[in-house]
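Containing mmCIF, C-alpha atoms: my_file29.cif.
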```
data_target
#
loop_
_atom_site.label_atom_id
_atom_site.label_comp_id
_atom_site.auth_asym_id
_atom_site.auth_seq_id
_atom_site.Cartn_x
_atom_site.Cartn_y
_atom_site.Cartn_z
CA MET A 28 10.45 20.81 -27.40
CA SER A 29 13.97 19.73 -26.36
CA LYS A 30 14.64 16.31 -24.87
CA SER A 31 15.43 17.76 -21.42
CA ASN A 32 12.32 19.95 -21.38
CA SER A 33 10.04 17.07 -22.38
CA LEU A 34 11.42 14.97 -19.51
CA THR A 35 11.26 17.68 -16.82
CA PRO A 36 7.59 17.05 -15.83
CA LEU A 37 8.26 13.29 -15.63
CA LYS A 38 11.32 13.83 -13.44
CA MET A 39 9.30 16.19 -11.21
CA LEU A 40 6.52 13.61 -10.96
CA LEU A 41 8.98 10.93 -9.83
CA PHE A 42 10.61 13.38 -7.40
CA SER A 43 7.34 14.48 -5.77
CA PHE A 44 5.65 11.06 -5.68
CA HIS A 45 8.66 9.37 -4.10
CA ALA A 46 8.84 12.24 -1.64
CA THR A 47 5.32 11.26 -0.52
CA ASN A 48 6.35 7.61 -0.58
CA THR A 49 9.17 8.38 1.86
CA ILE A 50 6.71 9.76 4.37
CA ILE A 51 4.58 6.61 4.28
CA LEU A 52 7.47 4.16 4.12
CA SER A 53 9.68 5.78 6.75
CA TYR A 54 7.19 7.19 9.23
CA LEU A 55 3.84 5.37 8.98
CA PRO A 56 5.02 2.59 11.37
CA LEU A 57 6.05 5.25 13.90
CA TYR A 58 2.75 7.09 13.34
CA LEU A 59 0.79 3.89 13.97
CA LYS A 60 2.84 3.30 17.12
CA TYR A 61 1.87 6.83 18.20
CA LYS A 62 -1.77 5.81 17.60
CA GLY A 63 -1.29 2.97 20.11
CA LEU A 64 -0.82 -0.05 17.84
CA ASN A 65 1.68 -2.79 18.74
CA GLY A 66 4.18 -4.40 16.36
CA THR A 67 1.84 -7.18 15.23
CA GLU A 68 -1.02 -4.74 14.56
CA ILE A 69 1.34 -2.43 12.67
CA GLY A 70 2.31 -5.44 10.56
CA TRP A 71 -1.37 -6.02 9.71
CA VAL A 72 -1.82 -2.41 8.59
CA LEU A 73 1.38 -2.47 6.55
CA ALA A 74 0.24 -5.72 4.91
CA VAL A 75 -2.96 -4.03 3.68
CA GLY A 76 -0.97 -1.96 1.17
CA PRO A 77 0.64 -4.93 -0.56
CA LEU A 78 -2.67 -6.83 -0.44
CA ALA A 79 -4.45 -3.95 -2.18
CA SER A 80 -1.63 -3.71 -4.70
CA ILE A 81 -2.18 -7.30 -5.87
CA VAL A 82 -5.56 -6.15 -7.20
CA ALA A 83 -4.66 -2.53 -7.96
CA GLN A 84 -1.41 -3.05 -9.89
CA PRO A 85 -2.76 -5.40 -12.61
CA PHE A 86 -6.11 -3.52 -12.74
CA TRP A 87 -4.58 -0.08 -13.39
CA GLY A 88 -1.93 -1.58 -15.67
CA TYR A 89 -4.64 -3.26 -17.74
CA MET A 90 -6.64 0.00 -17.90
CA SER A 91 -3.49 1.85 -19.01
CA ASP A 92 -2.80 -0.64 -21.81
CA LYS A 93 -6.47 -0.86 -22.85
CA TYR A 94 -6.97 2.90 -23.20
CA LYS A 95 -3.37 3.50 -24.34
CA THR A 96 -2.59 6.15 -21.75
CA VAL A 97 -0.39 6.26 -18.67
CA LYS A 98 -0.90 9.97 -18.05
CA ARG A 99 -4.69 9.81 -17.44
CA ILE A 100 -4.43 6.78 -15.17
CA LEU A 101 -1.73 8.55 -13.14
CA GLN A 102 -3.99 11.57 -12.71
CA ILE A 103 -6.89 9.43 -11.51
CA CYS A 104 -4.67 7.62 -9.00
CA ILE A 105 -3.08 10.81 -7.63
CA VAL A 106 -6.50 12.44 -7.13
CA GLY A 107 -7.49 9.26 -5.28
CA LEU A 108 -4.30 9.50 -3.20
CA LEU A 109 -5.10 13.06 -2.08
CA ILE A 110 -8.72 12.35 -1.14
CA THR A 111 -8.27 8.98 0.56
CA SER A 112 -5.12 10.00 2.49
CA VAL A 113 -7.10 12.67 4.34
CA LEU A 114 -9.66 10.05 5.39
CA PHE A 115 -7.01 7.41 6.20
CA PHE A 116 -5.16 9.68 8.62
CA GLN A 117 -8.40 10.48 10.47
CA MET A 118 -8.95 6.86 11.48
CA ASP A 119 -8.17 5.75 15.05
CA ALA A 120 -9.65 2.25 15.50
CA LEU A 121 -7.69 -0.68 14.05
CA ILE A 122 -10.56 -1.96 11.86
CA ALA A 123 -11.22 1.54 10.46
CA ILE A 124 -7.49 2.00 9.73
CA LEU A 125 -7.37 -1.36 7.93
CA LEU A 126 -10.47 -0.71 5.79
CA MET A 127 -9.59 2.87 4.86
CA GLY A 128 -5.99 1.81 4.32
CA ALA A 129 -7.11 -0.69 1.66
CA VAL A 130 -8.91 2.06 -0.28
CA PHE A 131 -5.97 4.44 0.15
CA TYR A 132 -3.42 1.91 -1.11
CA PHE A 133 -5.64 0.93 -4.07
CA PHE A 134 -4.90 4.36 -5.56
CA VAL A 135 -1.36 4.84 -4.20
CA THR A 136 0.43 1.59 -5.05
CA PRO A 137 0.14 1.76 -8.87
CA ILE A 138 1.60 5.28 -9.13
CA GLY A 139 5.23 4.25 -8.75
CA ALA A 140 4.86 1.39 -11.23
CA LEU A 141 3.06 3.54 -13.80
CA GLY A 142 5.62 6.33 -13.41
CA ASP A 143 8.47 3.88 -13.91
CA SER A 144 6.70 2.24 -16.86
CA LEU A 145 6.30 5.67 -18.48
CA ALA A 146 9.95 6.47 -17.72
CA GLN A 147 11.07 3.19 -19.32
CA ARG A 148 9.07 3.93 -22.48
CA ARG A 149 10.29 7.53 -22.71
CA ALA A 150 13.87 6.35 -22.20
CA ASP A 151 13.45 3.83 -25.03
CA ASP A 152 11.90 6.47 -27.30
CA LEU A 153 14.70 8.96 -26.66
CA GLY A 154 17.54 6.42 -26.60
CA ILE A 155 18.70 7.28 -23.08
CA SER A 156 19.22 5.32 -19.85
CA PHE A 157 16.11 4.57 -17.77
CA GLY A 158 18.23 5.10 -14.66
CA THR A 159 18.95 8.76 -15.50
CA ILE A 160 15.19 9.42 -15.30
CA ARG A 161 14.42 7.08 -12.39
CA MET A 162 17.16 8.61 -10.24
CA TRP A 163 14.89 11.64 -9.69
CA GLY A 164 12.55 9.44 -7.70
CA SER A 165 15.46 8.50 -5.46
CA VAL A 166 16.48 12.16 -5.11
CA GLY A 167 12.92 13.03 -4.04
CA PHE A 168 12.90 10.14 -1.57
CA ALA A 169 16.26 11.12 -0.09
CA THR A 170 15.42 14.83 0.18
CA SER A 171 12.08 14.16 1.81
CA SER A 172 13.48 11.58 4.26
CA LEU A 173 16.08 14.01 5.56
CA VAL A 174 13.96 17.17 5.69
CA ILE A 175 10.69 15.60 6.88
CA GLY A 176 12.52 13.53 9.49
CA GLU A 177 13.94 16.67 11.09
CA ILE A 178 10.58 18.45 10.91
CA LEU A 179 8.67 15.57 12.50
CA THR A 180 11.28 15.24 15.27
CA ARG A 181 10.49 18.86 16.21
CA VAL A 182 6.71 19.13 15.63
CA GLY A 183 5.59 15.55 16.24
CA ILE A 184 4.80 12.49 14.12
CA GLN A 185 1.06 13.28 14.28
CA TYR A 186 1.52 16.04 11.66
CA MET A 187 2.93 13.85 8.89
CA ILE A 188 -0.23 14.33 6.76
CA ILE A 189 0.74 17.96 6.02
CA PRO A 190 3.98 17.32 4.07
CA TYR A 191 2.31 14.29 2.49
CA LEU A 192 -0.46 16.41 0.98
CA PHE A 193 2.07 19.07 -0.05
CA PHE A 194 4.14 16.69 -2.19
CA GLY A 195 1.01 14.88 -3.42
CA THR A 196 -0.41 18.14 -4.75
CA ILE A 197 2.83 18.90 -6.60
CA ALA A 198 2.69 15.42 -8.16
CA LEU A 199 -0.83 16.09 -9.45
CA ILE A 200 0.07 19.50 -10.89
CA VAL A 201 3.04 18.21 -12.91
CA THR A 202 1.02 15.36 -14.48
CA PHE A 203 -0.75 17.90 -16.69
CA ARG A 204 2.58 18.61 -18.43
CA LEU A 205 3.55 14.96 -18.97
CA THR A 206 4.23 13.55 -22.44
CA ASP A 207 2.00 10.46 -22.68
CA VAL A 208 2.91 7.17 -24.34
CA LYS A 209 2.27 6.74 -28.06
CA VAL A 210 0.83 3.36 -28.99
CA ASP A 211 -0.19 2.58 -32.58
CA SER A 212 -1.39 -0.97 -31.97
CA GLU A 213 -4.90 -2.12 -31.10
CA PRO A 214 -6.02 -1.79 -27.44
CA VAL A 215 -5.05 -4.76 -25.31
CA GLN A 216 -7.71 -7.42 -24.67
CA LEU A 217 -8.10 -9.34 -21.42
CA LYS A 218 -7.21 -12.62 -23.17
CA ASP A 219 -3.85 -11.13 -24.19
CA VAL A 220 -2.85 -10.88 -20.51
CA THR A 221 -2.80 -14.69 -20.28
CA THR A 222 0.31 -14.68 -22.49
CA ILE A 223 2.19 -13.09 -19.60
CA ILE A 224 0.85 -15.49 -16.98
CA LYS A 225 1.67 -18.51 -19.18
CA SER A 226 5.29 -17.44 -19.62
CA LYS A 227 7.27 -19.98 -17.57
CA PRO A 228 10.48 -17.88 -17.40
CA PHE A 229 8.46 -14.89 -16.16
CA VAL A 230 6.58 -16.85 -13.47
CA ILE A 231 9.67 -18.73 -12.23
CA PHE A 232 11.66 -15.50 -12.11
CA LEU A 233 8.94 -13.78 -10.04
CA LEU A 234 8.85 -16.69 -7.58
CA PHE A 235 12.61 -16.60 -7.03
CA ILE A 236 12.99 -12.82 -6.70
CA MET A 237 10.19 -12.90 -4.11
CA LEU A 238 12.64 -14.44 -1.65
CA LEU A 239 14.79 -11.32 -1.96
CA SER A 240 11.94 -8.83 -2.21
CA ILE A 241 10.29 -10.23 0.97
CA THR A 242 13.41 -9.23 2.90
CA HIS A 243 13.54 -5.85 1.16
CA ARG A 244 9.91 -5.10 2.01
CA ALA A 245 10.32 -6.25 5.62
CA ASN A 246 13.19 -3.77 5.97
CA ASP A 247 11.04 -1.03 4.40
CA SER A 248 8.38 -1.68 7.03
CA PHE A 249 10.46 -2.20 10.15
CA MET A 250 13.82 -0.45 9.85
CA GLY A 251 12.28 2.62 11.51
CA LEU A 252 10.96 0.54 14.41
CA TYR A 253 14.30 -1.27 14.71
CA ILE A 254 16.12 2.06 14.95
CA ALA A 255 13.58 3.15 17.58
CA GLN A 256 14.15 -0.12 19.49
CA LEU A 257 17.86 0.71 19.54
CA GLY A 258 17.15 4.20 20.91
CA GLY A 259 17.10 6.28 17.69
CA SER A 260 14.79 9.23 16.89
CA GLU A 261 12.59 10.12 13.89
CA GLY A 262 15.43 12.33 12.66
CA LEU A 263 17.82 9.37 12.74
CA VAL A 264 15.32 7.30 10.74
CA GLY A 265 15.22 10.08 8.16
CA LEU A 266 19.03 10.26 8.08
CA ALA A 267 19.26 6.49 7.53
CA TRP A 268 16.89 6.66 4.57
CA PHE A 269 18.71 9.70 3.21
CA VAL A 270 22.07 7.90 3.17
CA GLY A 271 20.56 4.79 1.60
CA VAL A 272 18.57 6.50 -1.11
CA LEU A 273 21.41 8.89 -1.98
CA THR A 274 23.53 5.90 -2.97
CA GLU A 275 20.51 4.45 -4.78
CA ALA A 276 20.27 7.65 -6.85
CA ALA A 277 23.97 7.38 -7.69
CA VAL A 278 23.47 3.79 -8.93
CA PHE A 279 20.50 4.85 -11.08
CA ALA A 280 22.35 7.88 -12.45
CA THR A 281 25.39 5.89 -13.55
CA ALA A 282 23.54 2.78 -14.76
CA GLY A 283 23.87 3.78 -18.40
CA PHE A 284 27.67 3.48 -18.20
CA TRP A 285 27.88 -0.08 -16.81
CA PHE A 286 24.47 -1.73 -16.96
CA LYS A 287 24.52 -3.00 -20.56
CA LYS A 288 27.84 -4.79 -20.22
CA TYR A 289 26.43 -7.91 -18.56
CA HIS A 290 23.19 -9.89 -18.44
CA PRO A 291 20.68 -8.39 -15.94
CA LEU A 292 20.60 -11.65 -13.97
CA ILE A 293 24.29 -11.21 -13.10
CA PHE A 294 23.45 -7.91 -11.37
CA ILE A 295 20.45 -9.48 -9.61
CA ILE A 296 22.68 -12.25 -8.20
CA ILE A 297 25.26 -9.67 -7.05
CA ALA A 298 22.44 -7.72 -5.37
CA GLY A 299 21.30 -10.93 -3.65
CA VAL A 300 24.76 -11.48 -2.20
CA LEU A 301 24.82 -7.87 -0.95
CA TYR A 302 21.35 -8.23 0.59
CA SER A 303 22.42 -11.39 2.45
CA ILE A 304 25.52 -9.72 3.91
CA ARG A 305 23.61 -6.52 4.69
CA TRP A 306 20.85 -8.16 6.71
CA LEU A 307 23.24 -10.42 8.64
CA LEU A 308 25.31 -7.37 9.61
CA TYR A 309 22.16 -5.49 10.69
CA SER A 310 21.20 -8.41 12.95
CA THR A 311 24.37 -7.93 15.05
CA ILE A 312 23.98 -4.15 15.61
CA ASP A 313 23.37 -2.63 19.07
CA ASN A 314 23.82 1.06 18.16
CA PRO A 315 21.41 2.75 15.69
CA MET A 316 24.23 4.87 14.23
CA TYR A 317 25.75 1.70 12.77
CA ILE A 318 22.58 1.21 10.70
CA VAL A 319 23.00 4.73 9.31
CA ALA A 320 26.64 3.99 8.51
CA LEU A 321 25.74 0.75 6.68
CA GLN A 322 22.85 2.28 4.75
CA PHE A 323 25.13 3.03 1.78
CA THR A 324 24.63 -0.68 0.96
CA HIS A 325 20.94 0.07 0.28
CA GLY A 326 21.80 1.81 -2.98
CA LEU A 327 24.08 -1.03 -4.05
CA SER A 328 21.62 -3.81 -3.17
CA PHE A 329 18.24 -2.29 -4.08
CA GLY A 330 19.58 -0.14 -6.92
CA LEU A 331 21.13 -3.14 -8.67
CA PHE A 332 18.21 -5.44 -7.84
CA TYR A 333 15.46 -3.11 -9.00
CA LEU A 334 17.10 -1.86 -12.21
CA ALA A 335 18.17 -5.33 -13.31
CA SER A 336 14.81 -6.93 -12.43
CA PHE A 337 12.85 -4.23 -14.24
CA SER A 338 15.10 -4.55 -17.28
CA TYR A 339 14.86 -8.34 -17.34
CA VAL A 340 11.06 -8.30 -16.99
CA SER A 341 10.89 -5.84 -19.92
CA ARG A 342 12.75 -8.40 -22.02
CA LEU A 343 10.22 -11.10 -21.16
CA ILE A 344 7.08 -9.07 -21.99
CA PRO A 345 5.68 -8.20 -25.44
CA LYS A 346 5.71 -4.42 -25.99
CA LEU A 347 1.90 -4.23 -26.24
CA LEU A 348 1.61 -5.55 -22.67
CA GLN A 349 4.39 -3.51 -21.06
CA SER A 350 2.23 -1.63 -18.51
CA THR A 351 0.35 -4.79 -17.52
CA GLY A 352 3.54 -6.83 -17.21
CA HIS A 353 5.33 -4.14 -15.23
CA LEU A 354 2.45 -3.87 -12.80
CA ILE A 355 2.26 -7.66 -12.35
CA PHE A 356 5.96 -7.46 -11.53
CA PHE A 357 5.21 -4.66 -9.03
CA ALA A 358 2.32 -6.66 -7.55
CA THR A 359 4.80 -9.43 -6.80
CA PHE A 360 7.78 -7.25 -5.85
CA PHE A 361 5.87 -4.89 -3.57
CA GLY A 362 2.54 -6.73 -3.14
CA ILE A 363 2.84 -10.40 -2.25
CA SER A 364 6.33 -9.85 -0.86
CA GLY A 365 5.07 -6.90 1.17
CA ILE A 366 2.26 -8.94 2.74
CA ILE A 367 4.60 -11.72 3.81
CA GLY A 368 7.31 -9.30 4.94
CA SER A 369 4.89 -7.14 6.93
CA LEU A 370 3.00 -9.96 8.67
CA ALA A 371 6.01 -12.16 9.45
CA GLY A 372 8.23 -9.18 10.21
CA GLY A 373 5.66 -7.61 12.54
CA ALA A 374 5.26 -10.82 14.51
CA LEU A 375 9.03 -11.41 14.74
CA ILE A 376 10.00 -7.89 15.79
CA ASP A 377 7.20 -7.95 18.38
CA THR A 378 8.17 -11.28 19.94
CA SER A 379 11.90 -11.70 19.31
CA GLY A 380 13.22 -8.24 18.46
CA GLY A 381 14.82 -6.67 15.42
CA GLY A 382 18.04 -8.71 15.59
CA THR A 383 16.19 -12.00 15.08
CA LEU A 384 14.12 -10.48 12.28
CA TYR A 385 17.19 -9.35 10.34
CA PHE A 386 19.00 -12.66 10.86
CA GLY A 387 16.03 -14.50 9.32
CA MET A 388 16.01 -12.01 6.45
CA GLY A 389 19.69 -12.69 5.79
CA ILE A 390 19.13 -16.45 5.52
CA LEU A 391 16.10 -15.99 3.24
CA ALA A 392 18.03 -13.65 0.94
CA LEU A 393 20.85 -16.20 0.73
CA VAL A 394 18.43 -18.96 -0.32
CA GLY A 395 16.92 -16.66 -2.97
CA THR A 396 20.36 -15.80 -4.33
CA ILE A 397 21.26 -19.48 -4.72
CA LEU A 398 17.99 -20.22 -6.58
CA LEU A 399 18.48 -17.23 -8.90
CA THR A 400 21.98 -18.45 -9.70
CA VAL A 401 20.53 -21.85 -10.66
CA TYR A 402 17.84 -20.06 -12.73
CA HIS A 403 20.52 -18.15 -14.62
CA VAL A 404 22.49 -21.31 -15.39
CA LEU A 405 19.43 -23.16 -16.70
CA PRO A 406 17.93 -22.32 -20.15
CA TYR A 407 14.98 -20.39 -18.65
CA GLY A 408 17.43 -17.84 -17.28
CA LYS A 409 18.28 -16.69 -20.80
CA GLU A 410 14.81 -16.56 -22.34
CA SER A 411 13.69 -13.36 -24.09
CA THR A 412 10.54 -12.01 -25.68
CA SER A 413 11.66 -13.11 -29.13
CA SER A 414 12.34 -16.68 -28.03
CA GLN A 415 8.97 -16.87 -26.31
CA LYS A 416 7.21 -15.87 -29.50
CA ALA A 417 8.86 -18.78 -31.29
CA GLU A 418 7.43 -21.31 -28.86
#
```

If you convert what's in this file into structure tokens, what do you get?
Amino acid sequence: MSKSNSLTPLKMLLFSFHATNTIILSYLPLYLKYKGLNGTEIGWVLAVGPLASIVAQPFWGYMSDKYKTVKRILQICIVGLLITSVLFFQMDALIAILLMGAVFYFFVTPIGALGDSLAQRRADDLGISFGTIRMWGSVGFATSSLVIGEILTRVGIQYMIIPYLFFGTIALIVTFRLTDVKVDSEPVQLKDVTTIIKSKPFVIFLLFIMLLSITHRANDSFMGLYIAQLGGSEGLVGLAWFVGVLTEAAVFATAGFWFKKYHPLIFIIIAGVLYSIRWLLYSTIDNPMYIVALQFTHGLSFGLFYLASFSYVSRLIPKLLQSTGHLIFFATFFGISGIIGSLAGGALIDTSGGGTLYFGMGILALVGTILLTVYHVLPYGKESTSSQKAE
């Protein structure tokens, strides 16, 4: 089988899963508003996903490493996604939405991390750039955000479950053609996971990037509501995500040409500066079209931040524990950060408006960037897996 053919199912998986992810990320807040929830209550619901991911990410990562398969775990999670999403979208009362949402997110949140972990391993095996595979997730996200946004503007936000199930079913079908990971070592034991938790560079790095990822996750949750506050439609929300994720795909696609020239922390610091400027600009906007125009900075900030963070974490983790380490990273990046961003962001946008929320995000991102710069200068900022083993 040729290299391109062996990667086609993986690229299709990333495309279709991130297409479903667009629907949840871009339109769930608007759907919950349609259900009658206020900004604070929407924040609670959006915080359930990250809360579930704190348990789900390490659990499914550990199961993947233990049984030496990413493919089978992906299939289990996608089946869970299809079943629980139907139930989740039937809920009307806040408590029922929260409880069913926790079950739904338990299966959904690990899929992106496992897909990216598999993509990283396949890229290493084939000697190609991870970004050239991962960009297909961004293409799926961008395509879905534009097309689904226009559809929902015409038919109504209440029908968002239909395209969600469509892309979810495609994701399940293509998993049966995936090339699974090949691991010759012994299955991972629970005690081995403590080597990750005890790694000081890894833990300090996660704490510092949280300050950036909190702002990223708050934007994920509330950009749609902010655009609505400024008078924009569902279609405009979709257009904003399309512009942002299109530039993200371009960053991923070209990463192989520029990414290896400098230390990953340099790119993370650059992304932090871009995040700070981006959020402060958003806080001054009074026309939703300006958000669409500035969304090209999403690809530059998130694209750099995510690729460099994922690469740096891979350096800090022994190969045997790659899935577990990647999912702990995801639990922090999307989990803990998502809880804080959703709860604080929901309260702020409800009481003070989107401008105040984005101004606070800009200051927080600036603090995180300064701390990451200090981290890079200190010895811990240059630790690697090999140096950890010598300790």

Could you write out as a count of residues only the residues that the PyMOL selection byres ((chain A and resi 311-318) around 8) matches in the shown file? 15

Counting all atoms listed in the file, write as a list of chain:residue names all protein and nucleic acid residues lying at most 10 Å from (8.4, 5.7, -18.9) in the file's frame. A:Leu34, A:Leu37, A:Val97, A:Ala140, A:Leu141, A:Gly142, A:Asp143, A:Ser144, A:Leu145, A:Ala146, A:Gln147, A:Arg148, A:Arg149, A:Ala150, A:Asp151, A:Asp152, A:Phe157, A:Ile160, A:Arg161, A:Thr206, A:Asp207, A:Val208, A:Ser350

For the structure shown, which residues end up in the PyMOL selection byres ((chain A and resi 241) around 7)? Put them as number ranges by chain, please? A: 237-240, 242-245, 364-365, 367-368

Distance query A:Tyr402 at most 12 Å, only C-alpha atoms, self and fewer than 4 positions along chain excluded, as a ChimeraX atom specification: /A:227-236,292-293,295-296,395-398,406-410

Spatial neighbours of stretch 106-118 of chain A, 8 Å, only C-alpha atoms, chain gap at least 4 places, as a VMD selection string: chain A and resid 102 123 to 124 127 to 128 130 to 132 134 to 135 188 192 195 to 196 199
